[in-house]
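Structure record follows, encoded as structure tokens.
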Amino acid sequence: MAGRYADGNADGAGRRVALVTGAGSGIGLAIAHRLAGEGMDLVCVDVHEPDGLPGAFLHADLTTREGNRHAIDFAMERFGRLDVVVANAGVQHVSPIEDFDEDAWDRLLALMLTSPFLLARYGWPALREAGDARFVAMASVHGLVASPYKAAYVTAKHGVLGLIKTLALEGAAHGIRATAVCPGFVRTPLVEGQLADQARAHGVSVTDVLERVVLEPQAIKELIEPDDVAETVAFLVGRAGRAFTGAPVVLDNGWTAG
């Protein structure tokens, strides 16, 4: 796709570069393919590399400071610029609070709250230099509402919304827009993998979890597709998304309407 937002910046110099974390599967993989289709150069970060992943791949542990710094440095060394950061990497742990594993708490907070902070901290000079940059964090509807047995996940996602508001205010003078995408349940390996955990926590069958727990809060009783989330991210980082900053963008099939 030709034009300012696909192939270059305001003066047409160079293709835009996007860094996507958690790009190996689910939402991140869909986002990577969608942004590549927009003509962007991609840095895809994950702990495993699937076949057919677009752009340059980096294996990095984003629960560490070193891993996040390496991701930013890799993008700059490879492409010499950075226009878009999509902080998407995530994991889940489902457990009642009295049994909640403390190491799991540390891991979830490190990956889903501290990592976005570090990516912003280390990537800020490059994003500022880009002049029309975007920072997008995958915050989930659980950044707005809570569910039982997900203490770490809900805490991290609520924290991400605060981070995004701060980044939007600090980035405004430099042309950096920051948004948080808040989907409901998406058809991903992460969601599919937690159904058994939810079944154990609630004492019901996996089928009952899907119908009575996962989809129950939503007005529309269906899972969201990864491509739908990817389309939203592409909109936010494109020209039409310039008015969006400092706010959650909610795709929840009516979850928060009630």
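We label chains A, B, ... in the order they appear in the structure tokens, count residues from 1 in each chain, and number ligands from 1 in the order shown.
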
So that I can see what lies close to A:Ile224, please list as a JSON list (two decimals) with N, CA and C atoms, in the first residue's frame the residues with an atom at most 12 Å from it, counting only C-alpha atoms and leaving out residues fewer than 4 positions away in the same chain.
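Final output, saved to around02.json:
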```
[["chain", "number", "residue", "atom", "x", "y", "z"],
["A", 26, "GLY", "N", -1.78, -16.32, 18.07],
["A", 26, "GLY", "CA", -2.96, -15.59, 18.48],
["A", 26, "GLY", "C", -3.06, -14.18, 17.95],
["A", 27, "ILE", "N", -3.39, -13.25, 18.84],
["A", 27, "ILE", "CA", -3.58, -11.85, 18.45],
["A", 27, "ILE", "C", -2.30, -11.27, 17.87],
["A", 140, "SER", "N", -7.02, -5.56, 27.21],
["A", 140, "SER", "CA", -8.11, -6.48, 27.54],
["A", 140, "SER", "C", -9.27, -5.75, 28.22],
["A", 182, "CYS", "N", -8.78, -3.06, 24.18],
["A", 182, "CYS", "CA", -9.42, -3.84, 25.25],
["A", 182, "CYS", "C", -10.44, -4.82, 24.68],
["A", 183, "PRO", "N", -9.98, -5.95, 24.16],
["A", 183, "PRO", "CA", -10.93, -6.94, 23.65],
["A", 183, "PRO", "C", -11.49, -7.80, 24.77],
["A", 184, "GLY", "N", -12.68, -8.36, 24.51],
["A", 184, "GLY", "CA", -13.20, -9.42, 25.36],
["A", 184, "GLY", "C", -12.47, -10.71, 25.04],
["A", 185, "PHE", "N", -13.13, -11.84, 25.23],
["A", 185, "PHE", "CA", -12.46, -13.12, 24.97],
["A", 185, "PHE", "C", -12.26, -13.34, 23.48],
["A", 186, "VAL", "N", -11.01, -13.60, 23.11],
["A", 186, "VAL", "CA", -10.62, -13.79, 21.72],
["A", 186, "VAL", "C", -10.25, -15.25, 21.52],
["A", 187, "ARG", "N", -10.54, -15.76, 20.34],
["A", 187, "ARG", "CA", -10.24, -17.16, 20.04],
["A", 187, "ARG", "C", -8.74, -17.34, 19.82],
["A", 188, "THR", "N", -8.01, -17.54, 20.93],
["A", 188, "THR", "CA", -6.56, -17.67, 20.89],
["A", 188, "THR", "C", -6.14, -18.89, 21.69],
["A", 191, "VAL", "N", -6.68, -18.27, 25.46],
["A", 191, "VAL", "CA", -8.04, -18.49, 25.96],
["A", 191, "VAL", "C", -8.37, -19.98, 25.99],
["A", 214, "VAL", "N", -17.09, -17.85, 30.38],
["A", 214, "VAL", "CA", -16.36, -17.05, 29.40],
["A", 214, "VAL", "C", -17.30, -16.11, 28.64],
["A", 215, "LEU", "N", -18.39, -16.65, 28.10],
["A", 215, "LEU", "CA", -19.27, -15.84, 27.26],
["A", 215, "LEU", "C", -20.43, -15.21, 28.02],
["A", 218, "GLN", "N", -20.91, -11.33, 28.11],
["A", 218, "GLN", "CA", -21.04, -10.64, 26.84],
["A", 218, "GLN", "C", -22.47, -10.66, 26.34],
["A", 220, "ILE", "N", -23.22, -10.39, 23.15],
["A", 220, "ILE", "CA", -23.11, -11.27, 21.98],
["A", 220, "ILE", "C", -22.30, -12.48, 22.40],
["A", 228, "ASP", "N", -10.04, -9.62, 13.89],
["A", 228, "ASP", "CA", -10.81, -8.43, 14.22],
["A", 228, "ASP", "C", -9.99, -7.48, 15.10],
["A", 229, "VAL", "N", -9.25, -8.05, 16.04],
["A", 229, "VAL", "CA", -8.39, -7.22, 16.88],
["A", 229, "VAL", "C", -7.26, -6.61, 16.05],
["A", 230, "ALA", "N", -6.70, -7.40, 15.15],
["A", 230, "ALA", "CA", -5.62, -6.91, 14.30],
["A", 230, "ALA", "C", -6.09, -5.76, 13.42],
["A", 231, "GLU", "N", -7.31, -5.85, 12.94],
["A", 231, "GLU", "CA", -7.87, -4.77, 12.12],
["A", 231, "GLU", "C", -7.99, -3.48, 12.93],
["A", 250, "VAL", "N", -12.41, -0.31, 23.08],
["A", 250, "VAL", "CA", -13.05, -1.51, 23.62],
["A", 250, "VAL", "C", -13.73, -2.32, 22.52],
["A", 251, "LEU", "N", -13.38, -3.62, 22.46],
["A", 251, "LEU", "CA", -14.03, -4.59, 21.56],
["A", 251, "LEU", "C", -14.50, -5.75, 22.44],
["A", 252, "ASP", "N", -15.68, -5.64, 23.01],
["A", 252, "ASP", "CA", -16.03, -6.61, 24.05],
["A", 252, "ASP", "C", -17.36, -7.30, 23.84],
["A", 253, "ASN", "N", -17.94, -7.20, 22.63],
["A", 253, "ASN", "CA", -19.23, -7.85, 22.35],
["A", 253, "ASN", "C", -20.28, -7.48, 23.39],
["A", 254, "GLY", "N", -20.23, -6.24, 23.89],
["A", 254, "GLY", "CA", -21.23, -5.75, 24.81],
["A", 254, "GLY", "C", -20.99, -6.10, 26.27],
["A", 255, "TRP", "N", -19.80, -6.61, 26.61],
["A", 255, "TRP", "CA", -19.50, -7.00, 27.99],
["A", 255, "TRP", "C", -19.74, -5.85, 28.97]]
```

Applying 10 Å and only C-alpha atoms, which residues near stretch 87-92 of chain A remain after dropping the ones on its own chain fewer than 5 positions away? List them as a PDB file with N, CA and C atoms, in the first residue's frame.
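Okay, this is what ended up in around14.pdb:
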```pdb
ATOM      1  N   LEU A  19       7.224  -2.801  15.885  1.00  0.00           N
ATOM      2  CA  LEU A  19       7.669  -3.877  16.763  1.00  0.00           C
ATOM      3  C   LEU A  19       6.439  -4.463  17.442  1.00  0.00           C
ATOM      4  N   VAL A  20       6.238  -5.771  17.291  1.00  0.00           N
ATOM      5  CA  VAL A  20       5.077  -6.456  17.858  1.00  0.00           C
ATOM      6  C   VAL A  20       5.567  -7.549  18.791  1.00  0.00           C
ATOM      7  N   THR A  21       5.173  -7.493  20.052  1.00  0.00           N
ATOM      8  CA  THR A  21       5.558  -8.542  20.996  1.00  0.00           C
ATOM      9  C   THR A  21       4.452  -9.585  21.099  1.00  0.00           C
ATOM     10  N   GLY A  22       4.842 -10.781  21.511  1.00  0.00           N
ATOM     11  CA  GLY A  22       3.881 -11.878  21.532  1.00  0.00           C
ATOM     12  C   GLY A  22       3.380 -12.213  20.144  1.00  0.00           C
ATOM     13  N   ALA A  23       4.262 -12.070  19.149  1.00  0.00           N
ATOM     14  CA  ALA A  23       3.864 -12.199  17.748  1.00  0.00           C
ATOM     15  C   ALA A  23       3.831 -13.639  17.267  1.00  0.00           C
ATOM     16  N   GLY A  24       4.164 -14.593  18.124  1.00  0.00           N
ATOM     17  CA  GLY A  24       4.264 -15.977  17.678  1.00  0.00           C
ATOM     18  C   GLY A  24       2.949 -16.700  17.520  1.00  0.00           C
ATOM     19  N   SER A  25       1.863 -16.149  18.076  1.00  0.00           N
ATOM     20  CA  SER A  25       0.579 -16.843  17.987  1.00  0.00           C
ATOM     21  C   SER A  25      -0.554 -15.877  18.298  1.00  0.00           C
ATOM     22  N   ILE A  27      -3.392 -13.246  18.843  1.00  0.00           N
ATOM     23  CA  ILE A  27      -3.582 -11.854  18.448  1.00  0.00           C
ATOM     24  C   ILE A  27      -2.305 -11.265  17.866  1.00  0.00           C
ATOM     25  N   GLY A  28      -1.164 -11.533  18.493  1.00  0.00           N
ATOM     26  CA  GLY A  28       0.090 -10.962  18.021  1.00  0.00           C
ATOM     27  C   GLY A  28       0.434 -11.403  16.611  1.00  0.00           C
ATOM     28  N   LEU A  29       0.209 -12.662  16.304  1.00  0.00           N
ATOM     29  CA  LEU A  29       0.484 -13.163  14.958  1.00  0.00           C
ATOM     30  C   LEU A  29      -0.431 -12.497  13.941  1.00  0.00           C
ATOM     31  N   ILE A  31      -1.814  -9.543  14.230  1.00  0.00           N
ATOM     32  CA  ILE A  31      -1.380  -8.157  14.098  1.00  0.00           C
ATOM     33  C   ILE A  31      -0.155  -8.060  13.200  1.00  0.00           C
ATOM     34  N   VAL A  45       8.591 -10.235  18.097  1.00  0.00           N
ATOM     35  CA  VAL A  45       9.273 -10.708  19.299  1.00  0.00           C
ATOM     36  C   VAL A  45       8.419 -11.767  19.990  1.00  0.00           C
ATOM     37  N   ASP A  46       9.052 -12.887  20.340  1.00  0.00           N
ATOM     38  CA  ASP A  46       8.343 -13.952  21.048  1.00  0.00           C
ATOM     39  C   ASP A  46       9.373 -14.936  21.580  1.00  0.00           C
ATOM     40  N   VAL A  47       8.894 -15.919  22.324  1.00  0.00           N
ATOM     41  CA  VAL A  47       9.773 -16.974  22.811  1.00  0.00           C
ATOM     42  C   VAL A  47       9.809 -18.151  21.845  1.00  0.00           C
ATOM     43  N   LEU A  62      10.806 -11.182  27.653  1.00  0.00           N
ATOM     44  CA  LEU A  62      10.309  -9.855  27.972  1.00  0.00           C
ATOM     45  C   LEU A  62       9.935  -9.693  29.437  1.00  0.00           C
ATOM     46  N   THR A  63      10.192 -10.706  30.248  1.00  0.00           N
ATOM     47  CA  THR A  63      10.029 -10.539  31.695  1.00  0.00           C
ATOM     48  C   THR A  63      11.282  -9.912  32.310  1.00  0.00           C
ATOM     49  N   ALA A 104       3.932 -16.973  39.737  1.00  0.00           N
ATOM     50  CA  ALA A 104       3.048 -16.654  38.614  1.00  0.00           C
ATOM     51  C   ALA A 104       2.664 -15.175  38.641  1.00  0.00           C
ATOM     52  N   TRP A 105       2.383 -14.666  39.838  1.00  0.00           N
ATOM     53  CA  TRP A 105       2.091 -13.232  39.978  1.00  0.00           C
ATOM     54  C   TRP A 105       3.253 -12.399  39.438  1.00  0.00           C
ATOM     55  N   ARG A 107       5.598 -13.221  37.346  1.00  0.00           N
ATOM     56  CA  ARG A 107       5.778 -13.411  35.907  1.00  0.00           C
ATOM     57  C   ARG A 107       4.746 -12.631  35.101  1.00  0.00           C
ATOM     58  N   LEU A 108       3.479 -12.685  35.503  1.00  0.00           N
ATOM     59  CA  LEU A 108       2.433 -11.972  34.774  1.00  0.00           C
ATOM     60  C   LEU A 108       2.623 -10.469  34.831  1.00  0.00           C
ATOM     61  N   LEU A 109       2.934  -9.950  36.015  1.00  0.00           N
ATOM     62  CA  LEU A 109       3.148  -8.502  36.135  1.00  0.00           C
ATOM     63  C   LEU A 109       4.360  -8.048  35.325  1.00  0.00           C
ATOM     64  N   ALA A 110       5.406  -8.858  35.331  1.00  0.00           N
ATOM     65  CA  ALA A 110       6.606  -8.504  34.570  1.00  0.00           C
ATOM     66  C   ALA A 110       6.326  -8.453  33.075  1.00  0.00           C
ATOM     67  N   LEU A 111       5.576  -9.420  32.584  1.00  0.00           N
ATOM     68  CA  LEU A 111       5.342  -9.519  31.135  1.00  0.00           C
ATOM     69  C   LEU A 111       4.296  -8.537  30.646  1.00  0.00           C
ATOM     70  N   MET A 112       3.240  -8.319  31.430  1.00  0.00           N
ATOM     71  CA  MET A 112       2.098  -7.573  30.908  1.00  0.00           C
ATOM     72  C   MET A 112       1.980  -6.142  31.431  1.00  0.00           C
ATOM     73  N   LEU A 113       2.780  -5.768  32.416  1.00  0.00           N
ATOM     74  CA  LEU A 113       2.776  -4.394  32.889  1.00  0.00           C
ATOM     75  C   LEU A 113       4.164  -3.766  32.821  1.00  0.00           C
ATOM     76  N   SER A 115       6.829  -4.916  31.146  1.00  0.00           N
ATOM     77  CA  SER A 115       7.351  -4.929  29.782  1.00  0.00           C
ATOM     78  C   SER A 115       6.839  -3.757  28.946  1.00  0.00           C
ATOM     79  N   PRO A 116       5.538  -3.452  28.924  1.00  0.00           N
ATOM     80  CA  PRO A 116       5.115  -2.247  28.194  1.00  0.00           C
ATOM     81  C   PRO A 116       5.804  -0.972  28.683  1.00  0.00           C
ATOM     82  N   PHE A 117       5.971  -0.845  30.004  1.00  0.00           N
ATOM     83  CA  PHE A 117       6.693   0.308  30.538  1.00  0.00           C
ATOM     84  C   PHE A 117       8.120   0.364  29.995  1.00  0.00           C
ATOM     85  N   LEU A 119       9.392  -1.085  27.288  1.00  0.00           N
ATOM     86  CA  LEU A 119       9.406  -0.831  25.845  1.00  0.00           C
ATOM     87  C   LEU A 119       9.214   0.657  25.559  1.00  0.00           C
ATOM     88  N   ALA A 120       8.337   1.298  26.340  1.00  0.00           N
ATOM     89  CA  ALA A 120       8.162   2.740  26.175  1.00  0.00           C
ATOM     90  C   ALA A 120       9.408   3.490  26.626  1.00  0.00           C
ATOM     91  N   PHE A 135       2.065   3.984  20.126  1.00  0.00           N
ATOM     92  CA  PHE A 135       2.328   2.961  21.136  1.00  0.00           C
ATOM     93  C   PHE A 135       0.992   2.347  21.491  1.00  0.00           C
ATOM     94  N   VAL A 136       0.840   1.062  21.196  1.00  0.00           N
ATOM     95  CA  VAL A 136      -0.416   0.358  21.435  1.00  0.00           C
ATOM     96  C   VAL A 136      -0.152  -0.777  22.414  1.00  0.00           C
ATOM     97  N   ALA A 137      -0.932  -0.820  23.486  1.00  0.00           N
ATOM     98  CA  ALA A 137      -0.826  -1.914  24.448  1.00  0.00           C
ATOM     99  C   ALA A 137      -2.109  -2.734  24.419  1.00  0.00           C
ATOM    100  N   MET A 138      -1.955  -4.052  24.475  1.00  0.00           N
ATOM    101  CA  MET A 138      -3.107  -4.946  24.535  1.00  0.00           C
ATOM    102  C   MET A 138      -3.551  -5.037  25.994  1.00  0.00           C
ATOM    103  N   ALA A 139      -4.647  -4.329  26.318  1.00  0.00           N
ATOM    104  CA  ALA A 139      -5.037  -4.204  27.716  1.00  0.00           C
ATOM    105  C   ALA A 139      -6.205  -5.089  28.126  1.00  0.00           C
ATOM    106  N   LYS A 150      -8.373 -14.254  38.735  1.00  0.00           N
ATOM    107  CA  LYS A 150      -7.406 -13.707  37.780  1.00  0.00           C
ATOM    108  C   LYS A 150      -6.721 -12.469  38.365  1.00  0.00           C
ATOM    109  N   ALA A 152      -3.649 -11.480  39.080  1.00  0.00           N
ATOM    110  CA  ALA A 152      -2.492 -10.879  38.421  1.00  0.00           C
ATOM    111  C   ALA A 152      -2.867 -10.282  37.069  1.00  0.00           C
ATOM    112  N   TYR A 153      -3.642 -11.019  36.294  1.00  0.00           N
ATOM    113  CA  TYR A 153      -4.028 -10.562  34.957  1.00  0.00           C
ATOM    114  C   TYR A 153      -4.825  -9.260  35.042  1.00  0.00           C
ATOM    115  N   VAL A 154      -5.831  -9.238  35.913  1.00  0.00           N
ATOM    116  CA  VAL A 154      -6.675  -8.053  36.056  1.00  0.00           C
ATOM    117  C   VAL A 154      -5.861  -6.869  36.572  1.00  0.00           C
ATOM    118  N   ALA A 180      -4.832   1.904  24.301  1.00  0.00           N
ATOM    119  CA  ALA A 180      -4.949   0.565  24.873  1.00  0.00           C
ATOM    120  C   ALA A 180      -6.122  -0.140  24.211  1.00  0.00           C
ATOM    121  N   VAL A 181      -5.864  -1.278  23.617  1.00  0.00           N
ATOM    122  CA  VAL A 181      -6.921  -2.071  22.983  1.00  0.00           C
ATOM    123  C   VAL A 181      -7.462  -3.058  24.008  1.00  0.00           C
ATOM    124  N   LEU A 190      -4.223 -18.795  24.166  1.00  0.00           N
ATOM    125  CA  LEU A 190      -4.254 -18.380  25.563  1.00  0.00           C
ATOM    126  C   LEU A 190      -5.627 -18.639  26.178  1.00  0.00           C
ATOM    127  N   VAL A 191      -6.679 -18.270  25.461  1.00  0.00           N
ATOM    128  CA  VAL A 191      -8.038 -18.489  25.960  1.00  0.00           C
ATOM    129  C   VAL A 191      -8.369 -19.978  25.989  1.00  0.00           C
ATOM    130  N   GLY A 193      -6.361 -22.412  26.270  1.00  0.00           N
ATOM    131  CA  GLY A 193      -5.582 -23.085  27.288  1.00  0.00           C
ATOM    132  C   GLY A 193      -6.075 -22.855  28.699  1.00  0.00           C
ATOM    133  N   GLN A 194      -6.794 -21.744  28.919  1.00  0.00           N
ATOM    134  CA  GLN A 194      -7.252 -21.462  30.275  1.00  0.00           C
ATOM    135  C   GLN A 194      -8.620 -22.057  30.576  1.00  0.00           C
ATOM    136  N   ASP A 197      -8.288 -24.625  33.226  1.00  0.00           N
ATOM    137  CA  ASP A 197      -7.997 -24.001  34.511  1.00  0.00           C
ATOM    138  C   ASP A 197      -9.253 -23.384  35.119  1.00  0.00           C
TER     139      ASP A 197
END
```

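From atom CA of A:Glu66 back to atom CA of A:Lys157, the distance works out to 22.3 Å.
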
Original post:
Between A:Ala156, A:Leu210, A:Ala151, A:Ala173, which is the closest to A:Asp132 once you count only C-alpha atoms?
Top reply: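 Smallest separation from A:Asp132 among the options: A:Ala173.
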
**OP:** Assign secondary structure with DSSP using the backbone only, and return the residues of stretch 48-155 of chain A in alpha helix (DSSP H) as a PyMOL selection string.
**Re:** chain A and resi 65-79+102-109+115-130+151-155

Keeping N, CA and C atoms for every residue in the selection just given, could you write it to a file as a compact mmCIF listing (two decimals), in the first residue's frame?
```txt
# COMPACT_ATOMS: atom_id res chain seq x y z
N ARG A 65 14.54 -6.85 32.03
CA ARG A 65 14.92 -5.57 31.46
C ARG A 65 15.77 -5.76 30.21
N GLU A 66 16.67 -6.72 30.28
CA GLU A 66 17.57 -6.96 29.15
C GLU A 66 16.80 -7.35 27.90
N GLY A 67 15.78 -8.20 28.06
CA GLY A 67 15.00 -8.64 26.91
C GLY A 67 14.27 -7.49 26.24
N ASN A 68 13.71 -6.59 27.01
CA ASN A 68 13.00 -5.45 26.44
C ASN A 68 13.95 -4.46 25.77
N ARG A 69 15.08 -4.22 26.42
CA ARG A 69 16.07 -3.33 25.80
C ARG A 69 16.59 -3.92 24.50
N HIS A 70 16.82 -5.24 24.49
CA HIS A 70 17.32 -5.90 23.29
C HIS A 70 16.32 -5.78 22.15
N ALA A 71 15.02 -5.85 22.46
CA ALA A 71 14.00 -5.74 21.42
C ALA A 71 14.08 -4.37 20.73
N ILE A 72 14.19 -3.31 21.52
CA ILE A 72 14.29 -1.97 20.94
C ILE A 72 15.60 -1.81 20.17
N ASP A 73 16.70 -2.26 20.77
CA ASP A 73 18.00 -2.15 20.09
C ASP A 73 18.02 -2.93 18.79
N PHE A 74 17.41 -4.11 18.79
CA PHE A 74 17.36 -4.93 17.58
C PHE A 74 16.62 -4.21 16.46
N ALA A 75 15.49 -3.60 16.78
CA ALA A 75 14.72 -2.88 15.77
C ALA A 75 15.54 -1.73 15.18
N MET A 76 16.24 -1.00 16.03
CA MET A 76 17.02 0.13 15.55
C MET A 76 18.22 -0.31 14.74
N GLU A 77 18.86 -1.41 15.17
CA GLU A 77 20.01 -1.91 14.43
C GLU A 77 19.58 -2.46 13.07
N ARG A 78 18.42 -3.09 13.03
CA ARG A 78 17.95 -3.73 11.80
C ARG A 78 17.39 -2.72 10.80
N PHE A 79 16.62 -1.73 11.30
CA PHE A 79 15.91 -0.84 10.39
C PHE A 79 16.26 0.64 10.55
N GLU A 102 2.83 -17.26 43.82
CA GLU A 102 3.51 -15.97 43.88
C GLU A 102 4.47 -15.77 42.71
N ASP A 103 5.08 -16.85 42.24
CA ASP A 103 5.95 -16.73 41.07
C ASP A 103 5.14 -16.40 39.83
N ALA A 104 3.93 -16.97 39.74
CA ALA A 104 3.05 -16.65 38.61
C ALA A 104 2.66 -15.18 38.64
N TRP A 105 2.38 -14.67 39.84
CA TRP A 105 2.09 -13.23 39.98
C TRP A 105 3.25 -12.40 39.44
N ASP A 106 4.46 -12.70 39.86
CA ASP A 106 5.62 -11.94 39.41
C ASP A 106 5.79 -12.02 37.90
N ARG A 107 5.60 -13.22 37.35
CA ARG A 107 5.78 -13.41 35.91
C ARG A 107 4.75 -12.63 35.10
N LEU A 108 3.48 -12.69 35.50
CA LEU A 108 2.43 -11.97 34.77
C LEU A 108 2.62 -10.47 34.83
N LEU A 109 2.93 -9.95 36.02
CA LEU A 109 3.15 -8.50 36.13
C LEU A 109 4.36 -8.05 35.33
N SER A 115 6.83 -4.92 31.15
CA SER A 115 7.35 -4.93 29.78
C SER A 115 6.84 -3.76 28.95
N PRO A 116 5.54 -3.45 28.92
CA PRO A 116 5.12 -2.25 28.19
C PRO A 116 5.80 -0.97 28.68
N PHE A 117 5.97 -0.84 30.00
CA PHE A 117 6.69 0.31 30.54
C PHE A 117 8.12 0.36 30.00
N LEU A 118 8.81 -0.77 30.02
CA LEU A 118 10.20 -0.79 29.57
C LEU A 118 10.31 -0.53 28.07
N LEU A 119 9.39 -1.09 27.29
CA LEU A 119 9.41 -0.83 25.85
C LEU A 119 9.21 0.66 25.56
N ALA A 120 8.34 1.30 26.34
CA ALA A 120 8.16 2.74 26.18
C ALA A 120 9.41 3.49 26.63
N ARG A 121 9.95 3.09 27.76
CA ARG A 121 11.12 3.79 28.29
C ARG A 121 12.30 3.72 27.33
N TYR A 122 12.59 2.51 26.84
CA TYR A 122 13.74 2.33 25.95
C TYR A 122 13.45 2.81 24.53
N GLY A 123 12.19 2.74 24.11
CA GLY A 123 11.86 3.11 22.74
C GLY A 123 11.49 4.56 22.54
N TRP A 124 11.35 5.32 23.64
CA TRP A 124 10.86 6.69 23.54
C TRP A 124 11.70 7.57 22.62
N PRO A 125 13.03 7.56 22.71
CA PRO A 125 13.80 8.41 21.80
C PRO A 125 13.52 8.12 20.32
N ALA A 126 13.41 6.84 19.97
CA ALA A 126 13.14 6.49 18.57
C ALA A 126 11.74 6.90 18.17
N LEU A 127 10.76 6.69 19.04
CA LEU A 127 9.38 7.08 18.73
C LEU A 127 9.28 8.60 18.60
N ARG A 128 9.97 9.33 19.45
CA ARG A 128 9.97 10.78 19.37
C ARG A 128 10.58 11.24 18.04
N GLU A 129 11.66 10.58 17.63
CA GLU A 129 12.32 10.93 16.38
C GLU A 129 11.42 10.65 15.18
N ALA A 130 10.57 9.63 15.27
CA ALA A 130 9.69 9.28 14.16
C ALA A 130 8.71 10.40 13.85
N ALA A 151 -6.27 -12.58 39.61
CA ALA A 151 -5.75 -11.41 40.32
C ALA A 151 -4.62 -10.72 39.55
N ALA A 152 -3.65 -11.48 39.08
CA ALA A 152 -2.49 -10.88 38.42
C ALA A 152 -2.87 -10.28 37.07
N TYR A 153 -3.64 -11.02 36.29
CA TYR A 153 -4.03 -10.56 34.96
C TYR A 153 -4.82 -9.26 35.04
N VAL A 154 -5.83 -9.24 35.91
CA VAL A 154 -6.67 -8.05 36.06
C VAL A 154 -5.86 -6.87 36.57
N THR A 155 -4.99 -7.11 37.53
CA THR A 155 -4.15 -6.04 38.05
C THR A 155 -3.23 -5.46 36.98
```

**OP:** May I have the residues within 10 Å of A:Asp41 as a list in words, using only C-alpha atoms and disregarding those fewer than 6 positions away in the same chain?
**Re:** Ala6, Asp7, Gly14, Arg15, Arg16, Val17, Ala18, Leu19, Ala32, Leu35, Pro54, Gly55, Ala56, Ala75, Arg78, Phe79, Leu82 and Asp83 of chain A

Go ahead and save the picked residues with N, CA and C atoms, as a short mmCIF file (atom, residue, chain, number, x, y, z; two decimals), in the first residue's frame.
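selection16.cif, written as the output of this step:
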```cif
data_model
loop_
_atom_site.label_atom_id
_atom_site.label_comp_id
_atom_site.auth_asym_id
_atom_site.auth_seq_id
_atom_site.Cartn_x
_atom_site.Cartn_y
_atom_site.Cartn_z
N ALA A 6 1.79 3.86 5.03
CA ALA A 6 2.26 2.52 4.72
C ALA A 6 3.75 2.52 4.41
N ASP A 7 4.17 3.43 3.54
CA ASP A 7 5.53 3.35 3.01
C ASP A 7 6.47 4.41 3.54
N GLY A 14 11.34 6.46 3.77
CA GLY A 14 11.45 5.19 4.48
C GLY A 14 10.13 4.56 4.86
N ARG A 15 10.12 3.23 4.91
CA ARG A 15 8.95 2.50 5.36
C ARG A 15 8.83 2.58 6.87
N ARG A 16 7.61 2.58 7.36
CA ARG A 16 7.40 2.59 8.81
C ARG A 16 7.80 1.23 9.38
N VAL A 17 8.29 1.25 10.59
CA VAL A 17 8.76 0.05 11.27
C VAL A 17 7.90 -0.18 12.52
N ALA A 18 7.40 -1.39 12.66
CA ALA A 18 6.58 -1.75 13.81
C ALA A 18 7.22 -2.91 14.57
N LEU A 19 7.22 -2.80 15.89
CA LEU A 19 7.67 -3.88 16.76
C LEU A 19 6.44 -4.46 17.44
N ALA A 32 0.81 -8.95 13.40
CA ALA A 32 2.02 -8.93 12.58
C ALA A 32 1.69 -9.06 11.10
N LEU A 35 -0.14 -5.78 9.83
CA LEU A 35 0.72 -4.62 9.64
C LEU A 35 1.70 -4.83 8.49
N PRO A 54 5.94 -12.91 9.44
CA PRO A 54 6.51 -11.87 8.58
C PRO A 54 7.60 -11.08 9.29
N GLY A 55 8.47 -10.47 8.51
CA GLY A 55 9.47 -9.57 9.06
C GLY A 55 10.61 -10.28 9.76
N ALA A 56 11.33 -9.51 10.58
CA ALA A 56 12.47 -10.03 11.32
C ALA A 56 11.99 -10.58 12.66
N ALA A 75 15.49 -3.60 16.78
CA ALA A 75 14.72 -2.88 15.77
C ALA A 75 15.54 -1.73 15.18
N ARG A 78 18.42 -3.09 13.03
CA ARG A 78 17.95 -3.73 11.80
C ARG A 78 17.39 -2.72 10.80
N PHE A 79 16.62 -1.73 11.30
CA PHE A 79 15.91 -0.84 10.39
C PHE A 79 16.26 0.64 10.55
N LEU A 82 11.99 3.45 14.39
CA LEU A 82 10.88 2.73 15.03
C LEU A 82 9.69 3.67 15.09
N ASP A 83 8.59 3.26 14.46
CA ASP A 83 7.40 4.10 14.37
C ASP A 83 6.24 3.59 15.21
#
```

Original post:
Just asking: which residues within stretch 166-202 of chain A are strand (DSSP E) according to DSSP, as a count of residues only?
Top reply: 8

Subject >> Close residues, stretch 233-246 of chain A itself excluded, 7 Å, only C-alpha atoms, min 5 positions apart in chain, as a ChimeraX atom specification >> reply: /A:5,34-35,134,164-165,168,177-179

Original post:
From the list A:Val43, A:His93, A:Thr256, A:Ala60, which residue is nearest A:Gly80 when using only C-alpha atoms?
Top reply: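 Checking each candidate against A:Gly80, we get A:Val43 as the closest.
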